[in-house]
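Engineer: Handing you this structure, nothing more for now.
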Amino acid sequence: MPRSPKHPRILRRFGNRLNRPLPTRDHGSDEIAPGPRTPRQRELAARIDSLSNELAKRQGISRREFLGSAAGMAAAFVAMNQTFGMLFEADLAEAADPERAAERAGKLSNQLVIDMHTHFLRPDTRLTGFVAMREKARDRGWNPDLKGKKQTIQDLMFQNYLDEMYLKSDTTMACISGAPSEITEDWFLTNDMIAEGRKVINGLAGTRRSFAHAVFAPGYDGWMDQVDYAIETLKPDSFKGYTIGDNTHKDLSEHPWFMDDEDLVYPAYEKFQKAGLVNVCVHKGLFPPATERRFPNLAPYCDVRDVAKAAKDWPGLNFVIYHAGYRYAGGGTAEEAWKAFQKTGRIEWVTDLAEIPTKHGVSNVYADLGQTFAQTVIAEPRLAAMILGQLVKGLGADHVCWGTDALWTGTPQWQIEGLRRLEIPEDLRAQYDLPELGGPDSETKRAILGDNNARLYGVDSALALAAARDDGIARMKREMA
């Protein structure tokens, strides 16, 4: 395990062990529960097992070593094509040739990847449900590297975050996020903890690798005082809010809010804008029909009905809608969403979000892909392709932003590769007049993976990439390799 002689005490504050999983299947979280395994997913698992066993034997390495290699990643997407049809740029020749696969991976590792939607948990967390989700990922075979490994709360702590986000993926920069709760100790992290995490990572790197949200919770006791404290003391890179109120304990949520509430929320927007914090990140979606039946009072706060007016009233702010408003997670399934799309041509509430610029004449609405892409690209990749197609067509390729919601899904490398390899099938492009996504280094994919977030957060892409090639984190990564 690579160690930093400069910061061992600081690292211990956030966790004390590394784990190195390589996810290759869809996952869940306290926010998003994984659906039951479908026949196609079982078929995919069998294909990956068969192909990896064959190619590992041919290459003279263990199955686990193969699955952890660039060739193993290619093999997983070959199996995806065999199961779902030709949606991914991957072939057997790449999977069978370790040097070719490694050369491709090496070239793409120089892409700018800025993930503005990531999490780890506080040391005293009570949210053990996240451990259960990792256990499900292990037991259902989604993540081969977790096989035989006991999952504990330490897998959701800071040091594993450092490993999975930076040492085991091509992520250049990432934003530490959080979530509020009516129960104080059930906030994922306090805003102070988020800021401290950013400080530690950037200290280890010696460069800017980490960003920090400050979570704002309208209606909570003293919430505007906390906004002032964050602006004056913590200096966040942006603010994030949950219109549902308490997403962790929906049964306790007493403070849902609308983005266009002039009396409650607009005074906060004024403070954000005055402080130069012009990116307002808002959790939306993740509220399928089954959840609505349990909590009908919260449903209106979870769709995107309130986005357009807020955007129009505050043209100087950028509203980044997290999860792209995707509804069918946290109790729904990608298959359910795909069936609905086949009937209507719409994906709740992604299509509604994509239509806002045309319907309302605004240009300051953005979509974040966090967890939505992870939940669809493995379970129903045609749906993932259509989500991207609708967002790119409606919002513009320059308004779709990369986020993964890791750690809930382990290292985000499989999601990065999924986007690089995915294409919208030709028949769907023709039927719905959608653009091509292009190859792994296309202008559209570069924009989504990094350039859009760089522009929003004032990052010089060339300088950021140059700094990341030989900073402290890059050296740790080379030591680990």
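Residues are referred to by chain and number: the chain letter is A, B, ... according to the order shown in the structure tokens, the number counts from 1 in that chain, and ligands are numbered separately from 1 in the order shown.
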From a DSSP pass on the backbone, collect the residues of stretch 114-271 of chain A flagged as strand (DSSP E or B) and hand them back as a ChimeraX atom specification.

Structural biologist: /A:114-118,173-176,210-215,238-242

Engineer: Let's have the selection written as a CSV table (one decimal), in the first residue's frame, with C-alpha atoms.

Structural biologist:
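Writing done, so here's out_11.csv:
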chain,number,residue,atom,x,y,z
A,114,ILE,CA,-13.6,15.7,-13.7
A,115,ASP,CA,-16.1,13.9,-11.6
A,116,MET,CA,-18.2,16.4,-9.7
A,117,HIS,CA,-20.4,13.9,-7.9
A,118,THR,CA,-18.6,11.6,-5.4
A,173,MET,CA,-10.3,15.8,-10.3
A,174,ALA,CA,-13.3,15.1,-8.2
A,175,CYS,CA,-15.8,16.9,-6.0
A,176,ILE,CA,-16.6,15.5,-2.5
A,210,SER,CA,-10.3,17.9,-5.1
A,211,PHE,CA,-13.4,20.2,-4.9
A,212,ALA,CA,-15.9,20.5,-2.1
A,213,HIS,CA,-19.6,21.0,-2.0
A,214,ALA,CA,-21.3,22.7,0.9
A,215,VAL,CA,-24.8,21.2,1.4
A,238,SER,CA,-20.3,25.1,-5.0
A,239,PHE,CA,-23.5,24.5,-3.1
A,240,LYS,CA,-25.7,21.4,-3.3
A,241,GLY,CA,-29.2,20.9,-2.1
A,242,TYR,CA,-31.9,18.1,-2.0

Engineer: Would you pick out the contacts of A:Ala379 at 7 Å or less, using only C-alpha atoms, so that residues sharing its chain but fewer than 2 positions from it are not included, and give the list as a list in words?

Structural biologist: Asp26, Gln41, Ala334, Gln375, Thr376, Val377 and Pro381 of chain A

Engineer: Looking at A:Ile244, A:Ala75, A:Leu156, A:Ala354, which one is nearest to A:His119, with distances taken over only C-alpha atoms?

Structural biologist: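 Once distances to A:His119 are computed over only C-alpha atoms, the minimum belongs to A:Leu156.
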
Engineer: Measuring between only C-alpha atoms, which one of A:Gly361, A:Gly203, A:Gly325, A:Pro39 shows the shortest distance to A:Gly472?

Structural biologist: A:Gly203

Engineer: Would you pick out the contacts of stretch 455-469 of chain A at 8 Å or less, using only C-alpha atoms, so that residues sharing its chain but fewer than 5 positions from it are not included, and give the list as a list in words?

Structural biologist: Asn110, Gln111, Leu112, Thr172, Thr207, Arg208, Arg209, Asp237, Asn279 and Ala474 of chain A

Engineer: Which is closest to A:Asp427 among A:Trp338, A:Met86, A:Ser52, A:His283, if we use only C-alpha atoms?

Structural biologist: A:Met86

Engineer: Grab the atom CA of A:Arg47 to atom CA of A:Ser69 distance for me, in Å with one decimal place.

Structural biologist: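 Calculated distance between atom CA of A:Arg47 and atom CA of A:Ser69 is 17.3 Å.
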
Engineer: Identify, on the basis of only C-alpha atoms, every residue whose closest approach to A:Lys250 does not exceed 12 Å; exclude the query and any residue fewer than 2 positions from it along the same chain; express the result as a ChimeraX atom specification.

Structural biologist: /A:30-31,180-183,242-248,252-256,286-287,291-292,294-299,302,330

Engineer: With DSSP run on the backbone, what are the helix (DSSP H, G or I) residues within stretch 255-431 of chain A? I'd like them as a compact mmCIF listing (two decimals) with N, CA, C and O atoms, in the first residue's frame.

Structural biologist:
# COMPACT_ATOMS: atom_id res chain seq x y z
N TYR A 266 -34.79 31.81 -2.71
CA TYR A 266 -34.15 32.88 -3.47
C TYR A 266 -33.16 33.70 -2.67
O TYR A 266 -32.12 34.13 -3.21
N PRO A 267 -33.40 33.95 -1.36
CA PRO A 267 -32.37 34.66 -0.59
C PRO A 267 -31.04 33.91 -0.54
O PRO A 267 -29.98 34.54 -0.50
N ALA A 268 -31.09 32.58 -0.56
CA ALA A 268 -29.84 31.80 -0.60
C ALA A 268 -29.16 31.96 -1.94
O ALA A 268 -27.94 32.13 -2.02
N TYR A 269 -29.95 31.92 -3.03
CA TYR A 269 -29.35 32.12 -4.35
C TYR A 269 -28.63 33.47 -4.43
O TYR A 269 -27.56 33.59 -5.03
N GLU A 270 -29.24 34.47 -3.81
CA GLU A 270 -28.62 35.80 -3.81
C GLU A 270 -27.26 35.77 -3.11
O GLU A 270 -26.29 36.37 -3.60
N LYS A 271 -27.19 35.04 -2.01
CA LYS A 271 -25.91 34.91 -1.31
C LYS A 271 -24.89 34.15 -2.17
O LYS A 271 -23.71 34.52 -2.22
N PHE A 272 -25.33 33.07 -2.83
CA PHE A 272 -24.42 32.30 -3.68
C PHE A 272 -23.84 33.19 -4.77
O PHE A 272 -22.63 33.21 -5.01
N GLN A 273 -24.73 33.92 -5.43
CA GLN A 273 -24.29 34.74 -6.56
C GLN A 273 -23.36 35.85 -6.10
O GLN A 273 -22.33 36.12 -6.75
N LYS A 274 -23.66 36.48 -4.98
CA LYS A 274 -22.81 37.54 -4.46
C LYS A 274 -21.43 37.02 -4.12
O LYS A 274 -20.42 37.71 -4.28
N PRO A 289 -42.28 4.99 -9.27
CA PRO A 289 -43.68 4.88 -8.83
C PRO A 289 -43.85 4.13 -7.51
O PRO A 289 -44.70 4.50 -6.70
N ALA A 290 -43.06 3.08 -7.28
CA ALA A 290 -43.20 2.34 -6.03
C ALA A 290 -42.89 3.22 -4.83
O ALA A 290 -43.54 3.12 -3.78
N THR A 291 -41.89 4.10 -4.96
CA THR A 291 -41.55 5.01 -3.86
C THR A 291 -42.62 6.08 -3.72
O THR A 291 -42.97 6.48 -2.60
N GLU A 292 -43.15 6.54 -4.84
CA GLU A 292 -44.21 7.55 -4.78
C GLU A 292 -45.43 7.02 -4.03
O GLU A 292 -46.09 7.77 -3.30
N ARG A 293 -45.75 5.74 -4.21
CA ARG A 293 -46.89 5.18 -3.50
C ARG A 293 -46.67 5.20 -1.98
O ARG A 293 -47.63 5.32 -1.21
N ARG A 294 -45.41 5.08 -1.56
CA ARG A 294 -45.11 5.11 -0.12
C ARG A 294 -45.07 6.53 0.43
O ARG A 294 -45.45 6.77 1.58
N PRO A 296 -46.28 9.78 -1.14
CA PRO A 296 -46.89 10.64 -2.17
C PRO A 296 -46.68 12.12 -1.90
O PRO A 296 -46.65 12.93 -2.83
N ASN A 297 -46.51 12.49 -0.64
CA ASN A 297 -46.34 13.91 -0.30
C ASN A 297 -45.02 14.48 -0.82
O ASN A 297 -44.89 15.69 -1.02
N LEU A 298 -44.03 13.61 -1.07
CA LEU A 298 -42.72 14.08 -1.51
C LEU A 298 -42.57 14.11 -3.03
O LEU A 298 -41.63 14.72 -3.55
N ALA A 299 -43.47 13.45 -3.73
CA ALA A 299 -43.33 13.29 -5.17
C ALA A 299 -43.18 14.61 -5.93
O ALA A 299 -42.32 14.72 -6.82
N PRO A 300 -43.97 15.64 -5.63
CA PRO A 300 -43.84 16.88 -6.42
C PRO A 300 -42.46 17.53 -6.32
O PRO A 300 -42.09 18.30 -7.21
N TYR A 301 -41.74 17.25 -5.26
CA TYR A 301 -40.44 17.88 -5.06
C TYR A 301 -39.32 17.17 -5.80
O TYR A 301 -38.20 17.70 -5.87
N VAL A 307 -37.55 23.69 -12.10
CA VAL A 307 -36.23 24.08 -12.59
C VAL A 307 -36.30 25.31 -13.49
O VAL A 307 -35.49 26.25 -13.37
N ALA A 308 -37.23 25.34 -14.42
CA ALA A 308 -37.25 26.37 -15.45
C ALA A 308 -37.41 27.78 -14.86
O ALA A 308 -36.69 28.70 -15.25
N LYS A 309 -38.35 27.95 -13.94
CA LYS A 309 -38.57 29.29 -13.38
C LYS A 309 -37.35 29.76 -12.60
O LYS A 309 -36.95 30.94 -12.71
N ALA A 310 -36.75 28.87 -11.82
CA ALA A 310 -35.55 29.26 -11.08
C ALA A 310 -34.45 29.68 -12.05
O ALA A 310 -33.76 30.69 -11.82
N ALA A 311 -34.28 28.91 -13.12
CA ALA A 311 -33.25 29.24 -14.10
C ALA A 311 -33.52 30.57 -14.78
O ALA A 311 -32.61 31.37 -15.03
N LYS A 312 -34.78 30.81 -15.09
CA LYS A 312 -35.14 32.07 -15.76
C LYS A 312 -34.99 33.26 -14.81
O LYS A 312 -34.54 34.34 -15.22
N ASP A 313 -35.33 33.07 -13.55
CA ASP A 313 -35.25 34.16 -12.57
C ASP A 313 -33.80 34.47 -12.17
O ASP A 313 -33.51 35.57 -11.70
N HIS A 323 -28.24 13.55 -11.12
CA HIS A 323 -28.90 12.33 -11.61
C HIS A 323 -29.70 12.59 -12.88
O HIS A 323 -30.43 11.72 -13.34
N ALA A 324 -29.55 13.79 -13.46
CA ALA A 324 -30.29 14.21 -14.65
C ALA A 324 -31.79 14.04 -14.46
O ALA A 324 -32.54 13.92 -15.43
N GLY A 325 -32.24 14.02 -13.20
CA GLY A 325 -33.66 13.88 -12.91
C GLY A 325 -34.21 12.49 -13.15
O GLY A 325 -35.44 12.29 -13.09
N ALA A 334 -34.24 -0.25 -14.60
CA ALA A 334 -33.96 0.26 -15.94
C ALA A 334 -34.88 -0.39 -16.97
O ALA A 334 -35.28 0.26 -17.96
N GLU A 335 -35.23 -1.64 -16.75
CA GLU A 335 -36.13 -2.32 -17.68
C GLU A 335 -37.50 -1.66 -17.67
O GLU A 335 -38.14 -1.52 -18.72
N GLU A 336 -37.96 -1.26 -16.49
CA GLU A 336 -39.23 -0.55 -16.37
C GLU A 336 -39.18 0.77 -17.14
O GLU A 336 -40.12 1.13 -17.86
N ALA A 337 -38.08 1.48 -17.00
CA ALA A 337 -37.92 2.75 -17.72
C ALA A 337 -37.87 2.52 -19.23
O ALA A 337 -38.42 3.31 -20.01
N TRP A 338 -37.19 1.44 -19.66
CA TRP A 338 -37.08 1.16 -21.09
C TRP A 338 -38.45 0.81 -21.69
O TRP A 338 -38.78 1.26 -22.80
N LYS A 339 -39.25 0.04 -20.97
CA LYS A 339 -40.58 -0.30 -21.46
C LYS A 339 -41.44 0.96 -21.60
O LYS A 339 -42.18 1.12 -22.59
N ALA A 340 -41.34 1.85 -20.63
CA ALA A 340 -42.09 3.10 -20.72
C ALA A 340 -41.62 3.93 -21.90
O ALA A 340 -42.43 4.54 -22.63
N PHE A 341 -40.29 3.97 -22.12
CA PHE A 341 -39.75 4.72 -23.26
C PHE A 341 -40.25 4.15 -24.58
O PHE A 341 -40.58 4.91 -25.50
N GLN A 342 -40.30 2.84 -24.70
CA GLN A 342 -40.75 2.23 -25.94
C GLN A 342 -42.19 2.60 -26.27
O GLN A 342 -42.57 2.68 -27.43
N LYS A 343 -42.99 2.86 -25.24
CA LYS A 343 -44.39 3.24 -25.45
C LYS A 343 -44.55 4.73 -25.74
O LYS A 343 -45.41 5.13 -26.52
N THR A 344 -43.73 5.55 -25.08
CA THR A 344 -43.96 7.00 -25.11
C THR A 344 -42.86 7.81 -25.77
O THR A 344 -43.07 8.98 -26.11
N VAL A 350 -35.99 12.67 -17.26
CA VAL A 350 -34.86 13.10 -18.08
C VAL A 350 -35.33 13.89 -19.29
O VAL A 350 -34.79 14.96 -19.62
N THR A 351 -36.35 13.37 -19.96
CA THR A 351 -36.86 14.06 -21.15
C THR A 351 -37.38 15.44 -20.78
O THR A 351 -37.16 16.42 -21.52
N ASP A 352 -38.08 15.54 -19.67
CA ASP A 352 -38.58 16.85 -19.22
C ASP A 352 -37.43 17.83 -19.02
O ASP A 352 -37.53 19.01 -19.40
N LEU A 353 -36.35 17.36 -18.43
CA LEU A 353 -35.19 18.21 -18.21
C LEU A 353 -34.58 18.64 -19.54
O LEU A 353 -34.25 19.82 -19.73
N ALA A 354 -34.45 17.71 -20.46
CA ALA A 354 -33.84 18.01 -21.76
C ALA A 354 -34.64 19.02 -22.56
O ALA A 354 -34.08 19.75 -23.39
N GLU A 355 -35.93 19.10 -22.31
CA GLU A 355 -36.80 20.00 -23.08
C GLU A 355 -36.86 21.42 -22.52
O GLU A 355 -37.40 22.33 -23.15
N ILE A 356 -36.29 21.64 -21.34
CA ILE A 356 -36.41 22.94 -20.69
C ILE A 356 -35.82 24.09 -21.53
O ILE A 356 -36.46 25.14 -21.68
N PRO A 357 -34.61 23.95 -22.10
CA PRO A 357 -34.08 25.09 -22.88
C PRO A 357 -34.98 25.51 -24.03
O PRO A 357 -35.21 26.71 -24.25
N THR A 358 -35.52 24.54 -24.77
CA THR A 358 -36.38 24.87 -25.91
C THR A 358 -37.71 25.46 -25.46
O THR A 358 -38.20 26.44 -26.03
N LYS A 359 -38.30 24.88 -24.42
CA LYS A 359 -39.61 25.33 -23.97
C LYS A 359 -39.57 26.66 -23.23
O LYS A 359 -40.53 27.43 -23.27
N HIS A 360 -38.46 26.93 -22.55
CA HIS A 360 -38.44 28.08 -21.65
C HIS A 360 -37.36 29.11 -22.00
O HIS A 360 -37.23 30.12 -21.30
N THR A 372 -27.05 7.71 -12.47
CA THR A 372 -27.99 7.39 -13.54
C THR A 372 -27.30 6.59 -14.63
O THR A 372 -27.84 5.59 -15.11
N PHE A 373 -26.11 7.01 -15.02
CA PHE A 373 -25.37 6.27 -16.04
C PHE A 373 -25.01 4.88 -15.52
O PHE A 373 -25.16 3.88 -16.22
N ALA A 374 -24.55 4.81 -14.27
CA ALA A 374 -24.17 3.52 -13.69
C ALA A 374 -25.36 2.57 -13.64
O ALA A 374 -25.23 1.38 -13.90
N GLN A 375 -26.53 3.09 -13.30
CA GLN A 375 -27.71 2.25 -13.14
C GLN A 375 -28.27 1.75 -14.47
O GLN A 375 -29.02 0.77 -14.49
N THR A 376 -27.94 2.41 -15.57
CA THR A 376 -28.53 2.04 -16.85
C THR A 376 -27.55 1.39 -17.82
O THR A 376 -27.94 0.55 -18.62
N VAL A 377 -26.28 1.76 -17.77
CA VAL A 377 -25.35 1.31 -18.81
C VAL A 377 -25.12 -0.20 -18.74
O VAL A 377 -24.85 -0.82 -19.78
N PRO A 381 -28.34 -0.96 -21.55
CA PRO A 381 -27.48 0.03 -22.21
C PRO A 381 -28.17 0.85 -23.29
O PRO A 381 -27.76 1.97 -23.56
N ARG A 382 -29.20 0.31 -23.90
CA ARG A 382 -29.95 1.12 -24.88
C ARG A 382 -30.58 2.32 -24.19
O ARG A 382 -30.65 3.42 -24.76
N LEU A 383 -31.04 2.12 -22.97
CA LEU A 383 -31.61 3.23 -22.20
C LEU A 383 -30.54 4.25 -21.87
O LEU A 383 -30.77 5.47 -21.99
N ALA A 384 -29.36 3.79 -21.46
CA ALA A 384 -28.26 4.71 -21.18
C ALA A 384 -27.94 5.53 -22.41
O ALA A 384 -27.71 6.75 -22.33
N ALA A 385 -27.92 4.89 -23.58
CA ALA A 385 -27.64 5.59 -24.83
C ALA A 385 -28.70 6.64 -25.12
O ALA A 385 -28.40 7.76 -25.54
N MET A 386 -29.96 6.30 -24.88
CA MET A 386 -31.04 7.25 -25.14
C MET A 386 -31.02 8.41 -24.15
O MET A 386 -31.33 9.55 -24.51
N ILE A 387 -30.68 8.13 -22.90
CA ILE A 387 -30.56 9.22 -21.93
C ILE A 387 -29.51 10.22 -22.41
O ILE A 387 -29.75 11.44 -22.43
N LEU A 388 -28.35 9.72 -22.81
CA LEU A 388 -27.30 10.61 -23.31
C LEU A 388 -27.76 11.33 -24.56
O LEU A 388 -27.54 12.55 -24.71
N GLY A 389 -28.41 10.61 -25.46
CA GLY A 389 -28.85 11.23 -26.71
C GLY A 389 -29.85 12.35 -26.47
O GLY A 389 -29.74 13.43 -27.07
N GLN A 390 -30.81 12.12 -25.60
CA GLN A 390 -31.80 13.16 -25.33
C GLN A 390 -31.18 14.37 -24.63
O GLN A 390 -31.53 15.52 -24.94
N LEU A 391 -30.28 14.12 -23.70
CA LEU A 391 -29.65 15.23 -23.00
C LEU A 391 -28.76 16.05 -23.93
O LEU A 391 -28.77 17.28 -23.89
N VAL A 392 -27.98 15.37 -24.76
CA VAL A 392 -27.10 16.08 -25.70
C VAL A 392 -27.92 16.87 -26.70
O VAL A 392 -27.60 18.03 -27.02
N LYS A 393 -28.98 16.28 -27.20
CA LYS A 393 -29.83 16.98 -28.17
C LYS A 393 -30.55 18.17 -27.54
O LYS A 393 -30.63 19.25 -28.13
N GLY A 394 -31.09 17.99 -26.33
CA GLY A 394 -31.90 19.03 -25.72
C GLY A 394 -31.12 20.11 -25.00
O GLY A 394 -31.38 21.30 -25.18
N LEU A 395 -30.14 19.70 -24.19
CA LEU A 395 -29.36 20.67 -23.43
C LEU A 395 -28.12 21.14 -24.17
O LEU A 395 -27.62 22.24 -23.93
N ALA A 397 -24.31 19.27 -25.94
CA ALA A 397 -23.19 18.47 -25.44
C ALA A 397 -22.37 19.23 -24.41
O ALA A 397 -21.69 18.61 -23.58
N ASP A 398 -22.44 20.55 -24.46
CA ASP A 398 -21.68 21.37 -23.52
C ASP A 398 -22.42 21.61 -22.20
O ASP A 398 -21.96 22.37 -21.35
N HIS A 399 -23.58 20.94 -22.03
CA HIS A 399 -24.36 21.10 -20.80
C HIS A 399 -24.63 19.76 -20.11
O HIS A 399 -25.51 19.67 -19.27
N GLN A 413 -13.85 3.61 -12.77
CA GLN A 413 -13.21 3.35 -14.05
C GLN A 413 -14.13 2.64 -15.03
O GLN A 413 -14.11 2.92 -16.22
N TRP A 414 -14.96 1.73 -14.53
CA TRP A 414 -15.85 1.02 -15.44
C TRP A 414 -16.90 1.95 -16.05
O TRP A 414 -17.31 1.76 -17.20
N GLN A 415 -17.30 2.98 -15.29
CA GLN A 415 -18.24 3.95 -15.86
C GLN A 415 -17.54 4.82 -16.90
O GLN A 415 -18.12 5.15 -17.94
N ILE A 416 -16.30 5.23 -16.60
CA ILE A 416 -15.53 6.01 -17.57
C ILE A 416 -15.39 5.23 -18.87
O ILE A 416 -15.62 5.75 -19.97
N GLU A 417 -15.03 3.94 -18.75
CA GLU A 417 -14.90 3.10 -19.95
C GLU A 417 -16.24 2.90 -20.64
O GLU A 417 -16.31 2.84 -21.87
N GLY A 418 -17.30 2.78 -19.86
CA GLY A 418 -18.62 2.63 -20.46
C GLY A 418 -18.98 3.81 -21.34
O GLY A 418 -19.50 3.64 -22.45
N LEU A 419 -18.72 5.03 -20.87
CA LEU A 419 -19.01 6.20 -21.68
C LEU A 419 -18.10 6.25 -22.90
O LEU A 419 -18.55 6.55 -24.01
N ARG A 420 -16.83 5.97 -22.71
CA ARG A 420 -15.90 6.01 -23.84
C ARG A 420 -16.32 5.06 -24.96
O ARG A 420 -16.17 5.36 -26.14
N ARG A 421 -16.87 3.92 -24.59
CA ARG A 421 -17.17 2.88 -25.57
C ARG A 421 -18.60 2.92 -26.12
O ARG A 421 -18.88 2.35 -27.16
N GLU A 426 -27.68 3.01 -34.45
CA GLU A 426 -28.05 3.78 -35.63
C GLU A 426 -29.56 3.88 -35.80
O GLU A 426 -30.09 4.93 -36.19
N ASP A 427 -30.29 2.78 -35.51
CA ASP A 427 -31.75 2.83 -35.70
C ASP A 427 -32.40 3.81 -34.74
O ASP A 427 -33.35 4.53 -35.11
N LEU A 428 -31.90 3.90 -33.50
CA LEU A 428 -32.46 4.85 -32.54
C LEU A 428 -32.07 6.28 -32.90
O LEU A 428 -32.87 7.22 -32.72
N ARG A 429 -30.86 6.47 -33.40
CA ARG A 429 -30.46 7.82 -33.84
C ARG A 429 -31.37 8.31 -34.96
O ARG A 429 -31.80 9.47 -34.96
N ALA A 430 -31.67 7.43 -35.90
CA ALA A 430 -32.51 7.83 -37.03
C ALA A 430 -33.95 8.08 -36.57
O ALA A 430 -34.57 9.07 -36.98
N GLN A 431 -34.48 7.21 -35.74
CA GLN A 431 -35.87 7.34 -35.32
C GLN A 431 -36.11 8.59 -34.50
O GLN A 431 -37.16 9.24 -34.64

Engineer: Fewer than 2 positions away in the same chain doesn't count, so skip those; otherwise give me all residues within 9 Å of A:Leu437, counting only C-alpha atoms, as a list in words.

Structural biologist: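 Returned residues: Ala385, Leu388, Gly389, Val392, Leu422, Glu423, Ile424, Pro435, Gly439, Pro440, Ser442, Glu443, Thr444 and Lys445 of chain A.
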
Engineer: Rank nothing, just name the residue among A:Pro98, A:Gly206, A:Gly370, A:Gly396 nearest to A:Arg475, using only C-alpha atoms.

Structural biologist: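 Among A:Pro98, A:Gly206, A:Gly370, A:Gly396, it is A:Gly206 that comes nearest to A:Arg475.
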
Engineer: Tell me which protein, DNA and RNA residues are within 10 Å of A:Leu51, counting only C-alpha atoms, leaving out same-chain ones fewer than 4 positions away, and put them as an MDAnalysis selection string.

Structural biologist: chainID A and resid 45:47 55:57 63 72 75:76 78:79 92 95:96

Engineer: Distance atom CA of A:Gly345-atom CA of A:Asn453, one decimal place?

Structural biologist: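 Rounded to one decimal, the two atoms are 28.8 Å apart.
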
Engineer: Which residue gives the smallest distance to A:Arg100 among A:Thr233, A:Leu407, A:Arg42, A:Ala70, with only C-alpha atoms counted?

Structural biologist: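 Under the stated criterion, the closest residue is A:Ala70.
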